[in-house]
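K.L.:
Coordinates in target.cif, mmCIF, C-alpha atoms, are listed below.
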```cif
data_query
loop_
_atom_site.label_atom_id
_atom_site.label_comp_id
_atom_site.auth_asym_id
_atom_site.auth_seq_id
_atom_site.Cartn_x
_atom_site.Cartn_y
_atom_site.Cartn_z
CA MET I 1 -27.41 164.09 102.61
CA THR I 2 -27.87 162.63 99.16
CA ALA I 3 -25.59 163.36 96.22
CA SER I 4 -28.09 165.57 94.39
CA LEU I 5 -28.59 167.68 97.51
CA ALA I 6 -24.82 168.14 97.84
CA VAL I 7 -24.57 169.18 94.19
CA PHE I 8 -27.47 171.59 94.70
CA PHE I 9 -25.82 173.26 97.68
CA ALA I 10 -22.49 173.54 95.88
CA LEU I 11 -24.09 175.17 92.82
CA ALA I 12 -26.35 177.38 94.94
CA ALA I 13 -23.35 178.61 96.95
CA LEU I 14 -21.50 179.30 93.68
CA ALA I 15 -24.47 181.29 92.34
CA VAL I 16 -24.91 183.35 95.51
CA ILE I 17 -21.17 184.04 95.77
CA GLY I 18 -21.16 185.17 92.15
CA ALA I 19 -24.16 187.46 92.73
CA VAL I 20 -22.56 188.99 95.83
CA SER I 21 -19.34 189.45 93.89
CA LEU I 22 -21.33 191.27 91.18
CA ILE I 23 -22.32 193.84 93.81
CA VAL I 24 -18.98 194.06 95.61
CA GLN I 25 -16.67 194.38 92.60
CA LYS I 26 -15.86 197.93 91.58
CA HIS I 27 -14.77 197.32 88.01
CA PRO I 28 -17.55 196.49 85.51
CA ILE I 29 -15.49 193.78 83.83
CA HIS I 30 -15.14 191.95 87.15
CA SER I 31 -18.90 192.25 87.66
CA ALA I 32 -19.46 190.78 84.19
CA LEU I 33 -17.21 187.81 84.95
CA SER I 34 -19.06 187.27 88.26
CA LEU I 35 -22.34 187.24 86.36
CA ILE I 36 -20.95 184.57 84.01
CA VAL I 37 -20.18 182.43 87.09
CA VAL I 38 -23.81 182.85 88.23
CA MET I 39 -25.08 181.81 84.80
CA ILE I 40 -22.87 178.69 84.63
CA ALA I 41 -24.04 177.70 88.13
CA LEU I 42 -27.66 178.17 87.07
CA ALA I 43 -27.04 175.99 84.00
CA GLY I 44 -25.80 173.27 86.36
CA LEU I 45 -28.96 173.67 88.44
CA TYR I 46 -31.08 173.29 85.29
CA LEU I 47 -29.23 170.05 84.53
CA LEU I 48 -29.96 168.92 88.09
CA LEU I 49 -33.63 169.70 87.48
CA GLY I 50 -33.63 167.55 84.35
CA ALA I 51 -34.01 170.49 81.96
CA GLU I 52 -31.04 169.76 79.73
CA PHE I 53 -32.28 171.83 76.76
CA VAL I 54 -32.74 174.92 78.93
CA ALA I 55 -29.27 174.34 80.40
CA ALA I 56 -27.72 174.23 76.93
CA VAL I 57 -29.61 177.35 75.83
CA GLN I 58 -28.57 179.10 79.04
CA ILE I 59 -24.89 178.48 78.33
CA ILE I 60 -25.09 179.23 74.60
CA VAL I 61 -27.30 182.33 74.70
CA TYR I 62 -26.54 183.85 78.11
CA GLY I 63 -22.96 182.75 78.68
CA GLY I 64 -22.01 182.78 75.03
CA ALA I 65 -23.90 185.60 73.36
CA ILE I 66 -25.27 188.10 75.88
CA MET I 67 -22.26 188.19 78.20
CA VAL I 68 -19.83 188.44 75.28
CA LEU I 69 -21.88 191.43 74.14
CA PHE I 70 -21.57 192.95 77.63
CA VAL I 71 -17.82 192.38 77.82
CA PHE I 72 -17.44 193.73 74.32
CA VAL I 73 -19.32 196.93 75.18
CA ILE I 74 -17.35 197.37 78.42
CA MET I 75 -14.10 197.14 76.49
CA LEU I 76 -15.41 199.31 73.64
CA LEU I 77 -16.36 202.10 76.03
CA ASN I 78 -13.18 201.58 78.08
CA ALA I 79 -15.23 201.57 81.27
CA GLY I 80 -13.05 202.19 84.29
CA VAL I 81 -13.52 201.72 88.01
CA GLU I 82 -16.91 202.88 89.22
CA GLU I 83 -16.73 206.36 90.70
CA HIS I 84 -18.37 207.09 94.01
CA THR I 85 -20.95 209.83 93.85
CA SER I 86 -23.87 210.58 96.08
CA ILE I 87 -25.64 213.29 94.14
CA SER I 88 -29.03 211.75 94.77
CA LYS I 89 -29.67 210.49 98.28
CA MET I 90 -32.39 208.10 97.08
CA ALA I 91 -30.11 205.07 97.00
CA GLY I 92 -29.28 205.16 100.70
CA ALA I 93 -31.78 204.39 103.45
CA PRO I 94 -34.96 204.24 101.30
CA GLY I 95 -33.32 201.82 98.86
CA LEU I 96 -32.15 199.50 101.62
CA LEU I 97 -35.59 199.70 103.22
CA LEU I 98 -37.15 198.72 99.90
CA VAL I 99 -34.85 195.71 99.55
CA VAL I 100 -35.54 194.56 103.12
CA ALA I 101 -39.28 194.93 102.58
CA LEU I 102 -39.10 192.95 99.33
CA ALA I 103 -36.99 190.21 100.93
CA GLY I 104 -39.38 190.00 103.89
CA PHE I 105 -42.38 189.78 101.58
CA VAL I 106 -40.79 187.04 99.48
CA ALA I 107 -39.67 185.08 102.57
CA ALA I 108 -43.14 185.36 104.13
CA THR I 109 -44.78 184.17 100.92
CA ILE I 110 -42.44 181.20 100.62
CA ALA I 111 -42.84 180.28 104.29
CA ARG I 112 -46.62 180.41 103.98
CA SER I 113 -46.77 178.27 100.82
CA THR I 114 -44.52 175.45 102.03
CA GLU I 115 -47.10 172.73 101.63
CA SER I 116 -48.79 173.99 98.50
CA VAL I 117 -46.14 172.66 96.12
CA GLU I 118 -45.79 168.91 96.17
CA THR I 119 -42.31 167.44 96.21
CA THR I 120 -40.53 166.94 92.94
CA LEU I 121 -41.14 164.03 90.65
CA GLU I 122 -38.38 161.69 89.60
CA THR I 123 -35.89 163.38 87.29
CA GLY I 124 -36.00 162.27 83.69
CA GLU I 125 -39.62 161.20 83.78
CA ILE I 126 -40.48 163.59 80.98
CA ALA I 127 -38.41 163.62 77.80
CA SER I 128 -37.80 167.32 78.15
CA THR I 129 -36.22 168.30 74.82
CA LEU I 130 -38.77 166.35 72.75
CA GLY I 131 -41.61 167.71 74.88
CA ILE I 132 -40.36 171.30 74.59
CA SER I 133 -40.08 171.08 70.81
CA ASN I 134 -43.59 169.65 70.62
CA MET I 135 -44.94 172.49 72.77
CA ILE I 136 -43.08 175.25 70.93
CA PHE I 137 -44.17 174.14 67.49
CA LYS I 138 -47.73 173.15 68.39
CA GLU I 139 -49.25 175.00 71.35
CA PHE I 140 -46.93 178.00 71.42
CA VAL I 141 -46.34 178.37 67.68
CA TYR I 142 -47.83 181.89 67.42
CA PRO I 143 -45.81 183.32 70.35
CA PHE I 144 -42.76 181.58 68.91
CA GLU I 145 -43.26 183.26 65.54
CA LEU I 146 -43.83 186.59 67.31
CA THR I 147 -40.44 186.29 69.02
CA SER I 148 -38.80 186.21 65.60
CA PHE I 149 -40.54 189.51 64.86
CA LEU I 150 -39.33 190.86 68.21
CA ILE I 151 -35.75 189.92 67.38
CA LEU I 152 -36.07 191.57 63.96
CA VAL I 153 -37.25 194.80 65.61
CA ALA I 154 -34.41 194.57 68.16
CA VAL I 155 -31.82 194.13 65.39
CA LEU I 156 -33.21 197.14 63.52
CA GLY I 157 -33.33 199.21 66.71
CA ALA I 158 -29.78 198.34 67.70
CA THR I 159 -28.53 199.16 64.20
CA VAL I 160 -30.30 202.53 64.14
CA LEU I 161 -29.10 203.40 67.66
CA ALA I 162 -25.48 202.44 67.08
CA GLN I 163 -24.90 204.26 63.81
CA ARG I 164 -23.25 207.62 63.94
CA GLU I 165 -25.31 210.65 63.13
CA LYS I 166 -24.46 212.24 59.82
CA SER I 167 -24.07 215.96 60.17
CA MET B 1 -34.32 164.68 95.41
CA VAL B 2 -33.94 168.36 96.13
CA PRO B 3 -37.18 169.92 97.41
CA THR B 4 -38.72 172.58 95.19
CA ASN B 5 -38.69 175.02 98.10
CA TYR B 6 -34.90 175.15 98.01
CA TYR B 7 -34.93 176.23 94.39
CA VAL B 8 -37.57 178.88 95.04
CA ILE B 9 -35.65 180.24 98.03
CA LEU B 10 -32.43 180.38 95.98
CA SER B 11 -34.36 182.16 93.25
CA ALA B 12 -35.67 184.71 95.77
CA ILE B 13 -32.16 185.27 97.14
CA LEU B 14 -30.73 185.86 93.67
CA PHE B 15 -33.61 188.20 92.79
CA GLY B 16 -33.01 190.17 95.99
CA LEU B 17 -29.32 190.49 95.23
CA GLY B 18 -30.28 191.70 91.74
CA VAL B 19 -32.54 194.39 93.22
CA LEU B 20 -29.76 195.37 95.63
CA ALA B 21 -27.29 195.73 92.77
CA PHE B 22 -29.85 197.66 90.72
CA ILE B 23 -30.33 200.20 93.51
CA PHE B 24 -26.77 200.61 94.75
CA LYS B 25 -24.59 200.41 91.67
CA ARG B 26 -23.67 203.60 89.84
CA ASN B 27 -22.31 202.21 86.60
CA ILE B 28 -25.03 201.90 83.96
CA ILE B 29 -23.54 198.67 82.53
CA THR B 30 -23.53 197.02 85.97
CA ILE B 31 -27.14 198.13 86.51
CA PHE B 32 -28.02 196.48 83.21
CA MET B 33 -26.25 193.31 84.33
CA SER B 34 -28.27 193.26 87.56
CA ILE B 35 -31.44 193.21 85.42
CA GLU B 36 -30.07 190.11 83.70
CA LEU B 37 -29.44 188.60 87.15
CA MET B 38 -33.08 189.18 88.12
CA LEU B 39 -34.29 187.59 84.86
CA ASN B 40 -32.09 184.56 85.61
CA ALA B 41 -33.55 184.25 89.11
CA VAL B 42 -37.07 184.20 87.68
CA ASN B 43 -36.01 181.60 85.10
CA LEU B 44 -34.80 179.34 87.91
CA ALA B 45 -38.19 179.55 89.62
CA PHE B 46 -39.91 178.78 86.30
CA VAL B 47 -37.83 175.64 85.71
CA ALA B 48 -38.20 174.49 89.34
CA PHE B 49 -41.99 174.76 89.21
CA SER B 50 -42.05 173.14 85.78
CA GLN B 51 -40.22 170.16 87.25
CA ALA B 52 -42.36 170.10 90.40
CA LEU B 53 -45.65 170.11 88.51
CA GLY B 54 -44.43 167.74 85.79
CA LYS B 55 -45.39 170.15 83.01
CA LEU B 56 -43.12 171.68 80.40
CA ASP B 57 -44.85 175.07 80.10
CA GLY B 58 -42.34 176.62 82.49
CA GLN B 59 -39.39 175.56 80.39
CA VAL B 60 -41.01 176.97 77.23
CA PHE B 61 -41.54 180.25 79.06
CA VAL B 62 -37.88 180.28 80.07
CA LEU B 63 -36.96 180.07 76.39
CA PHE B 64 -39.19 183.07 75.65
CA VAL B 65 -37.66 184.99 78.55
CA ILE B 66 -34.18 184.26 77.19
CA VAL B 67 -35.22 185.52 73.74
CA VAL B 68 -36.61 188.73 75.23
CA ALA B 69 -33.44 189.15 77.32
CA ALA B 70 -31.29 188.82 74.21
CA ALA B 71 -33.35 191.45 72.36
CA GLU B 72 -33.25 193.70 75.44
CA ALA B 73 -29.48 193.36 75.71
CA ALA B 74 -29.00 194.31 72.07
CA VAL B 75 -31.17 197.45 72.27
CA GLY B 76 -30.04 198.40 75.79
CA LEU B 77 -26.36 198.20 75.00
CA GLY B 78 -26.98 200.32 71.90
CA ILE B 79 -28.57 202.95 74.13
CA ILE B 80 -25.64 202.70 76.58
CA ILE B 81 -23.18 203.27 73.75
CA LEU B 82 -25.16 206.36 72.70
CA ILE B 83 -25.20 207.71 76.27
CA ALA B 84 -21.48 207.10 76.71
CA ARG B 85 -20.77 208.82 73.41
CA SER B 86 -22.80 211.94 74.15
CA ARG B 87 -22.10 212.32 77.92
CA GLN B 88 -18.55 210.91 78.20
CA THR B 89 -19.59 209.12 81.39
CA LEU B 90 -21.19 205.84 82.47
CA ASN B 91 -22.27 207.09 85.89
CA VAL B 92 -26.06 207.24 86.03
CA GLU B 93 -26.00 210.13 88.47
CA ARG B 94 -24.27 212.31 85.93
CA VAL B 95 -26.92 211.55 83.33
CA ASP B 96 -29.67 213.75 84.69
CA LEU B 97 -30.66 215.93 81.73
CA LEU B 98 -33.04 214.89 79.00
CA LYS B 99 -31.50 217.49 76.71
CA LEU B 100 -27.79 217.86 76.29
#
```
Let me see the file written as structure tokens.

P.N.:
Amino acid sequence: MTASLAVFFALAALAVIGAVSLIVQKHPIHSALSLIVVMIALAGLYLLLGAEFVAAVQIIVYGGAIMVLFVFVIMLLNAGVEEHTSISKMAGAPGLLLVVALAGFVAATIARSTESVETTLETGEIASTLGISNMIFKEFVYPFELTSFLILVAVLGATVLAQREKS
Amino acid sequence: MVPTNYYVILSAILFGLGVLAFIFKRNIITIFMSIELMLNAVNLAFVAFSQALGKLDGQVFVLFVIVVAAAEAAVGLGIIILIARSRQTLNVERVDLLKL
């Protein structure tokens, strides 16, 4: 087993354990911390894939901004331990059936397409950050400008939603 | 080198766990976090295929997905704050009326 494979399995195990912990934990703040573990593990996997810019953005935006927002909202709302209710029975057997069907479909698709994707190239062949900046500001410049508009709308929407109604 | 299949399988596992959390959790904030988990799983598949095919389009798409996730988190958490303020609960099963 090569070193990169060992690192992959360590990070993959960390990510899966974090995701399982997200489901098992009862308190939302524990779930949020588990999700941060998943995101850090995924950033390590991006580094392993040679996508260092995506790894940095993952840590800064997901780990730094989005999860802080989540933790902040959990503390602001003083969210306690999840209460157990079963008002709707939808989440029981049909939900599990849906998940099993989805997992089976995904596994079958992956098993069928084993040979269609060639094995990975050598890491570091493409200067990824330089290449990404070239693509964003040349080929994808209109979608990139549209995302700024999207963020503007999101900021306005969040401001309108969060302000108290005057009555 | 790690085969691309391993990354895709890990991505599928994480996506499945996200769906599981989405269906079985009751707290609206945790449900929102499971959506973020699913987005992260898809991002991993994007980067893995980008590396496997030697093209950077996948990584650019991951950046767009992260931007959309940030916008979604801002608006979604605003909605959650509104729901918590008007219903005094975060349990999705107790939020079953369109009109208060």

K.L.:
Could you give me, as a ChimeraX atom specification, the residues within 12 Å of segment 136-153 of chain I, counting only C-alpha atoms and dropping anything in the same chain fewer than 3 positions from it?

P.N.:
/I:128-133,156-160 /B:56-75

K.L.:
Print the selection's residues with C-alpha atoms to a file, as a PDB file, in the frame of the given file.

P.N.:
```pdb
ATOM      1  CA  SER I 128     -37.800 167.320  78.150  1.00  0.00           C
ATOM      2  CA  THR I 129     -36.220 168.300  74.820  1.00  0.00           C
ATOM      3  CA  LEU I 130     -38.770 166.350  72.750  1.00  0.00           C
ATOM      4  CA  GLY I 131     -41.610 167.710  74.880  1.00  0.00           C
ATOM      5  CA  ILE I 132     -40.360 171.300  74.590  1.00  0.00           C
ATOM      6  CA  SER I 133     -40.080 171.080  70.810  1.00  0.00           C
ATOM      7  CA  LEU I 156     -33.210 197.140  63.520  1.00  0.00           C
ATOM      8  CA  GLY I 157     -33.330 199.210  66.710  1.00  0.00           C
ATOM      9  CA  ALA I 158     -29.780 198.340  67.700  1.00  0.00           C
ATOM     10  CA  THR I 159     -28.530 199.160  64.200  1.00  0.00           C
ATOM     11  CA  VAL I 160     -30.300 202.530  64.140  1.00  0.00           C
TER      12      VAL I 160
ATOM     13  CA  LEU B  56     -43.120 171.680  80.400  1.00  0.00           C
ATOM     14  CA  ASP B  57     -44.850 175.070  80.100  1.00  0.00           C
ATOM     15  CA  GLY B  58     -42.340 176.620  82.490  1.00  0.00           C
ATOM     16  CA  GLN B  59     -39.390 175.560  80.390  1.00  0.00           C
ATOM     17  CA  VAL B  60     -41.010 176.970  77.230  1.00  0.00           C
ATOM     18  CA  PHE B  61     -41.540 180.250  79.060  1.00  0.00           C
ATOM     19  CA  VAL B  62     -37.880 180.280  80.070  1.00  0.00           C
ATOM     20  CA  LEU B  63     -36.960 180.070  76.390  1.00  0.00           C
ATOM     21  CA  PHE B  64     -39.190 183.070  75.650  1.00  0.00           C
ATOM     22  CA  VAL B  65     -37.660 184.990  78.550  1.00  0.00           C
ATOM     23  CA  ILE B  66     -34.180 184.260  77.190  1.00  0.00           C
ATOM     24  CA  VAL B  67     -35.220 185.520  73.740  1.00  0.00           C
ATOM     25  CA  VAL B  68     -36.610 188.730  75.230  1.00  0.00           C
ATOM     26  CA  ALA B  69     -33.440 189.150  77.320  1.00  0.00           C
ATOM     27  CA  ALA B  70     -31.290 188.820  74.210  1.00  0.00           C
ATOM     28  CA  ALA B  71     -33.350 191.450  72.360  1.00  0.00           C
ATOM     29  CA  GLU B  72     -33.250 193.700  75.440  1.00  0.00           C
ATOM     30  CA  ALA B  73     -29.480 193.360  75.710  1.00  0.00           C
ATOM     31  CA  ALA B  74     -29.000 194.310  72.070  1.00  0.00           C
ATOM     32  CA  VAL B  75     -31.170 197.450  72.270  1.00  0.00           C
TER      33      VAL B  75
END
```

K.L.:
Please provide as a PyMOL selection string all residues within 8 Å of segment 22-32 of chain B, with the sequence filter that same-chain residues fewer than 5 positions apart are discarded (counting only C-alpha atoms).

P.N.:
(chain I and resi 23+28+31-32+70+74+82-85+91-92+95) or (chain B and resi 76+80+90-93)

K.L.:
Convert the output of the PyMOL selection byres ((chain B and resi 46) around 12) on the shown file into explicit residues, formatted as a PyMOL selection string.

P.N.:
(chain I and resi 46+49+51+54) or (chain B and resi 4+7-8+11-12+39-45+47-65)

K.L.:
To one decimal in Å, tell me the separation between atom CA of Ala162 of chain I and atom CA of Gly63 of chain I.

P.N.:
23.0 Å

K.L.:
Quick one: of I:Leu11, I:Val73, I:Leu47, I:Arg112, who's nearest to chain B, counting all atoms listed in the file?

P.N.:
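Closest candidate: I:Val73.
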
K.L.:
Closest to Gly18 of chain B among B:Val95, B:Leu82, B:Met33, B:Met38, using only C-alpha atoms?

P.N.:
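Checking each candidate against Gly18 of chain B, we get B:Met38 as the closest.
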
K.L.:
What lies within 10 Å of Val100 of chain I using all atoms listed in the file, ignoring chain neighbours under 5 positions off, as a ChimeraX atom specification?

P.N.:
/I:94-95,105-106 /B:16,20

K.L.:
For chain B, which of I:Leu161, I:Val71, I:Leu97, I:Leu33 is the closest residue, counting only C-alpha atoms?

P.N.:
I:Leu161

K.L.:
Of the candidates B:Lys99, B:Leu37, B:Leu17, B:Ile83, which shows the shortest atom-to-atom distance to Leu96 of chain I, using only C-alpha atoms?

P.N.:
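Using only C-alpha atoms, Leu96 of chain I sits closest to B:Leu17.
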
K.L.:
Quick one: residues within 8 Å of Ile81 of chain B, all atoms listed in the file, excluding same-chain residues fewer than 3 positions away - as number ranges by chain?

P.N.:
I: 73, 77, 162; B: 77-78, 84-85

K.L.:
Evaluating the PyMOL selection byres ((chain B and resi 2) around 8) on the displayed file yields which residues, as a PyMOL selection string?

P.N.:
(chain I and resi 4-5+8+120) or (chain B and resi 1+3-4+6)

K.L.:
One number please: atom CA of Leu14 of chain I to atom CA of Leu48 of chain I, in Å, one decimal.

P.N.:
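Going from atom CA of Leu14 of chain I over to atom CA of Leu48 of chain I, I get 14.5 Å.
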
K.L.:
Report, in Å with one decimal, the straight-line distance from atom CA of Gly50 of chain I to atom CA of Ala107 of chain I.

P.N.:
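These two atoms are separated by 26.0 Å.
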
K.L.:
Could you please give me, as an MDAnalysis selection string, the residues of protein, DNA or RNA lying at most 12 Å from (-25.0, 178.9, 79.4) in the coordinate frame of the file, considering only C-alpha atoms?

P.N.:
(chainID I and resid 35:47 52:68) or (chainID B and resid 40 66)

K.L.:
Working from the structure I just supplied, which lacks atoms in segment 32-66 of chain B, can you model N, CA and C atoms there and output them as a PDB file, in the coordinates of the input?

P.N.:
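The result, stored in result-v8.pdb:
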```
ATOM      1  N   PHE B  32     -27.425 197.324  84.252  1.00  0.00           N
ATOM      2  CA  PHE B  32     -28.020 196.480  83.210  1.00  0.00           C
ATOM      3  C   PHE B  32     -27.761 195.002  83.496  1.00  0.00           C
ATOM      4  N   MET B  33     -26.559 194.704  84.007  1.00  0.00           N
ATOM      5  CA  MET B  33     -26.250 193.310  84.330  1.00  0.00           C
ATOM      6  C   MET B  33     -27.100 192.810  85.484  1.00  0.00           C
ATOM      7  N   SER B  34     -27.436 193.703  86.440  1.00  0.00           N
ATOM      8  CA  SER B  34     -28.270 193.260  87.560  1.00  0.00           C
ATOM      9  C   SER B  34     -29.670 192.924  87.072  1.00  0.00           C
ATOM     10  N   ILE B  35     -30.136 193.589  86.001  1.00  0.00           N
ATOM     11  CA  ILE B  35     -31.440 193.210  85.420  1.00  0.00           C
ATOM     12  C   ILE B  35     -31.365 191.794  84.874  1.00  0.00           C
ATOM     13  N   GLU B  36     -30.238 191.471  84.212  1.00  0.00           N
ATOM     14  CA  GLU B  36     -30.070 190.110  83.700  1.00  0.00           C
ATOM     15  C   GLU B  36     -30.070 189.098  84.853  1.00  0.00           C
ATOM     16  N   LEU B  37     -29.455 189.492  85.983  1.00  0.00           N
ATOM     17  CA  LEU B  37     -29.440 188.600  87.150  1.00  0.00           C
ATOM     18  C   LEU B  37     -30.856 188.325  87.645  1.00  0.00           C
ATOM     19  N   MET B  38     -31.698 189.364  87.675  1.00  0.00           N
ATOM     20  CA  MET B  38     -33.080 189.180  88.120  1.00  0.00           C
ATOM     21  C   MET B  38     -33.835 188.271  87.154  1.00  0.00           C
ATOM     22  N   LEU B  39     -33.621 188.460  85.844  1.00  0.00           N
ATOM     23  CA  LEU B  39     -34.290 187.590  84.860  1.00  0.00           C
ATOM     24  C   LEU B  39     -33.866 186.137  85.066  1.00  0.00           C
ATOM     25  N   ASN B  40     -32.573 185.926  85.376  1.00  0.00           N
ATOM     26  CA  ASN B  40     -32.090 184.560  85.610  1.00  0.00           C
ATOM     27  C   ASN B  40     -32.727 183.946  86.839  1.00  0.00           C
ATOM     28  N   ALA B  41     -32.919 184.756  87.887  1.00  0.00           N
ATOM     29  CA  ALA B  41     -33.550 184.250  89.110  1.00  0.00           C
ATOM     30  C   ALA B  41     -34.962 183.787  88.820  1.00  0.00           C
ATOM     31  N   VAL B  42     -35.690 184.583  88.027  1.00  0.00           N
ATOM     32  CA  VAL B  42     -37.070 184.200  87.680  1.00  0.00           C
ATOM     33  C   VAL B  42     -37.070 182.934  86.838  1.00  0.00           C
ATOM     34  N   ASN B  43     -36.104 182.808  85.923  1.00  0.00           N
ATOM     35  CA  ASN B  43     -36.010 181.600  85.100  1.00  0.00           C
ATOM     36  C   ASN B  43     -35.833 180.357  85.975  1.00  0.00           C
ATOM     37  N   LEU B  44     -35.013 180.488  87.030  1.00  0.00           N
ATOM     38  CA  LEU B  44     -34.800 179.340  87.910  1.00  0.00           C
ATOM     39  C   LEU B  44     -36.105 178.905  88.572  1.00  0.00           C
ATOM     40  N   ALA B  45     -36.901 179.893  89.013  1.00  0.00           N
ATOM     41  CA  ALA B  45     -38.190 179.550  89.620  1.00  0.00           C
ATOM     42  C   ALA B  45     -39.106 178.883  88.607  1.00  0.00           C
ATOM     43  N   PHE B  46     -39.092 179.386  87.360  1.00  0.00           N
ATOM     44  CA  PHE B  46     -39.910 178.780  86.300  1.00  0.00           C
ATOM     45  C   PHE B  46     -39.556 177.307  86.121  1.00  0.00           C
ATOM     46  N   VAL B  47     -38.246 177.021  85.983  1.00  0.00           N
ATOM     47  CA  VAL B  47     -37.830 175.640  85.710  1.00  0.00           C
ATOM     48  C   VAL B  47     -38.132 174.756  86.920  1.00  0.00           C
ATOM     49  N   ALA B  48     -37.939 175.292  88.144  1.00  0.00           N
ATOM     50  CA  ALA B  48     -38.200 174.490  89.340  1.00  0.00           C
ATOM     51  C   ALA B  48     -39.677 174.103  89.424  1.00  0.00           C
ATOM     52  N   PHE B  49     -40.560 175.073  89.154  1.00  0.00           N
ATOM     53  CA  PHE B  49     -41.990 174.760  89.210  1.00  0.00           C
ATOM     54  C   PHE B  49     -42.388 173.840  88.063  1.00  0.00           C
ATOM     55  N   SER B  50     -41.763 174.027  86.905  1.00  0.00           N
ATOM     56  CA  SER B  50     -42.050 173.140  85.780  1.00  0.00           C
ATOM     57  C   SER B  50     -41.727 171.696  86.137  1.00  0.00           C
ATOM     58  N   GLN B  51     -40.597 171.509  86.833  1.00  0.00           N
ATOM     59  CA  GLN B  51     -40.220 170.160  87.250  1.00  0.00           C
ATOM     60  C   GLN B  51     -41.150 169.639  88.332  1.00  0.00           C
ATOM     61  N   ALA B  52     -41.533 170.549  89.272  1.00  0.00           N
ATOM     62  CA  ALA B  52     -42.360 170.100  90.400  1.00  0.00           C
ATOM     63  C   ALA B  52     -43.746 169.689  89.944  1.00  0.00           C
ATOM     64  N   LEU B  53     -44.293 170.404  88.951  1.00  0.00           N
ATOM     65  CA  LEU B  53     -45.650 170.110  88.510  1.00  0.00           C
ATOM     66  C   LEU B  53     -45.675 169.107  87.369  1.00  0.00           C
ATOM     67  N   GLY B  54     -44.475 168.729  86.861  1.00  0.00           N
ATOM     68  CA  GLY B  54     -44.430 167.740  85.790  1.00  0.00           C
ATOM     69  C   GLY B  54     -44.945 168.244  84.463  1.00  0.00           C
ATOM     70  N   LYS B  55     -44.950 169.575  84.283  1.00  0.00           N
ATOM     71  CA  LYS B  55     -45.390 170.150  83.010  1.00  0.00           C
ATOM     72  C   LYS B  55     -44.236 170.927  82.398  1.00  0.00           C
ATOM     73  N   LEU B  56     -44.240 171.036  81.074  1.00  0.00           N
ATOM     74  CA  LEU B  56     -43.120 171.680  80.400  1.00  0.00           C
ATOM     75  C   LEU B  56     -43.374 173.141  80.073  1.00  0.00           C
ATOM     76  N   ASP B  57     -44.546 173.673  80.422  1.00  0.00           N
ATOM     77  CA  ASP B  57     -44.850 175.070  80.100  1.00  0.00           C
ATOM     78  C   ASP B  57     -43.793 176.013  80.646  1.00  0.00           C
ATOM     79  N   GLY B  58     -43.324 175.745  81.864  1.00  0.00           N
ATOM     80  CA  GLY B  58     -42.340 176.620  82.490  1.00  0.00           C
ATOM     81  C   GLY B  58     -41.065 176.696  81.680  1.00  0.00           C
ATOM     82  N   GLN B  59     -40.632 175.551  81.159  1.00  0.00           N
ATOM     83  CA  GLN B  59     -39.390 175.560  80.390  1.00  0.00           C
ATOM     84  C   GLN B  59     -39.558 176.308  79.078  1.00  0.00           C
ATOM     85  N   VAL B  60     -40.751 176.207  78.455  1.00  0.00           N
ATOM     86  CA  VAL B  60     -41.010 176.970  77.230  1.00  0.00           C
ATOM     87  C   VAL B  60     -40.985 178.462  77.540  1.00  0.00           C
ATOM     88  N   PHE B  61     -41.558 178.835  78.684  1.00  0.00           N
ATOM     89  CA  PHE B  61     -41.540 180.250  79.060  1.00  0.00           C
ATOM     90  C   PHE B  61     -40.126 180.742  79.296  1.00  0.00           C
ATOM     91  N   VAL B  62     -39.269 179.878  79.865  1.00  0.00           N
ATOM     92  CA  VAL B  62     -37.880 180.280  80.070  1.00  0.00           C
ATOM     93  C   VAL B  62     -37.219 180.588  78.723  1.00  0.00           C
ATOM     94  N   LEU B  63     -37.532 179.791  77.709  1.00  0.00           N
ATOM     95  CA  LEU B  63     -36.960 180.070  76.390  1.00  0.00           C
ATOM     96  C   LEU B  63     -37.417 181.432  75.883  1.00  0.00           C
ATOM     97  N   PHE B  64     -38.710 181.754  76.087  1.00  0.00           N
ATOM     98  CA  PHE B  64     -39.190 183.070  75.650  1.00  0.00           C
ATOM     99  C   PHE B  64     -38.515 184.188  76.431  1.00  0.00           C
ATOM    100  N   VAL B  65     -38.326 183.962  77.730  1.00  0.00           N
ATOM    101  CA  VAL B  65     -37.660 184.990  78.550  1.00  0.00           C
ATOM    102  C   VAL B  65     -36.233 185.211  78.050  1.00  0.00           C
ATOM    103  N   ILE B  66     -35.550 184.121  77.670  1.00  0.00           N
ATOM    104  CA  ILE B  66     -34.180 184.260  77.190  1.00  0.00           C
ATOM    105  C   ILE B  66     -34.155 185.036  75.872  1.00  0.00           C
TER     106      ILE B  66
END
```
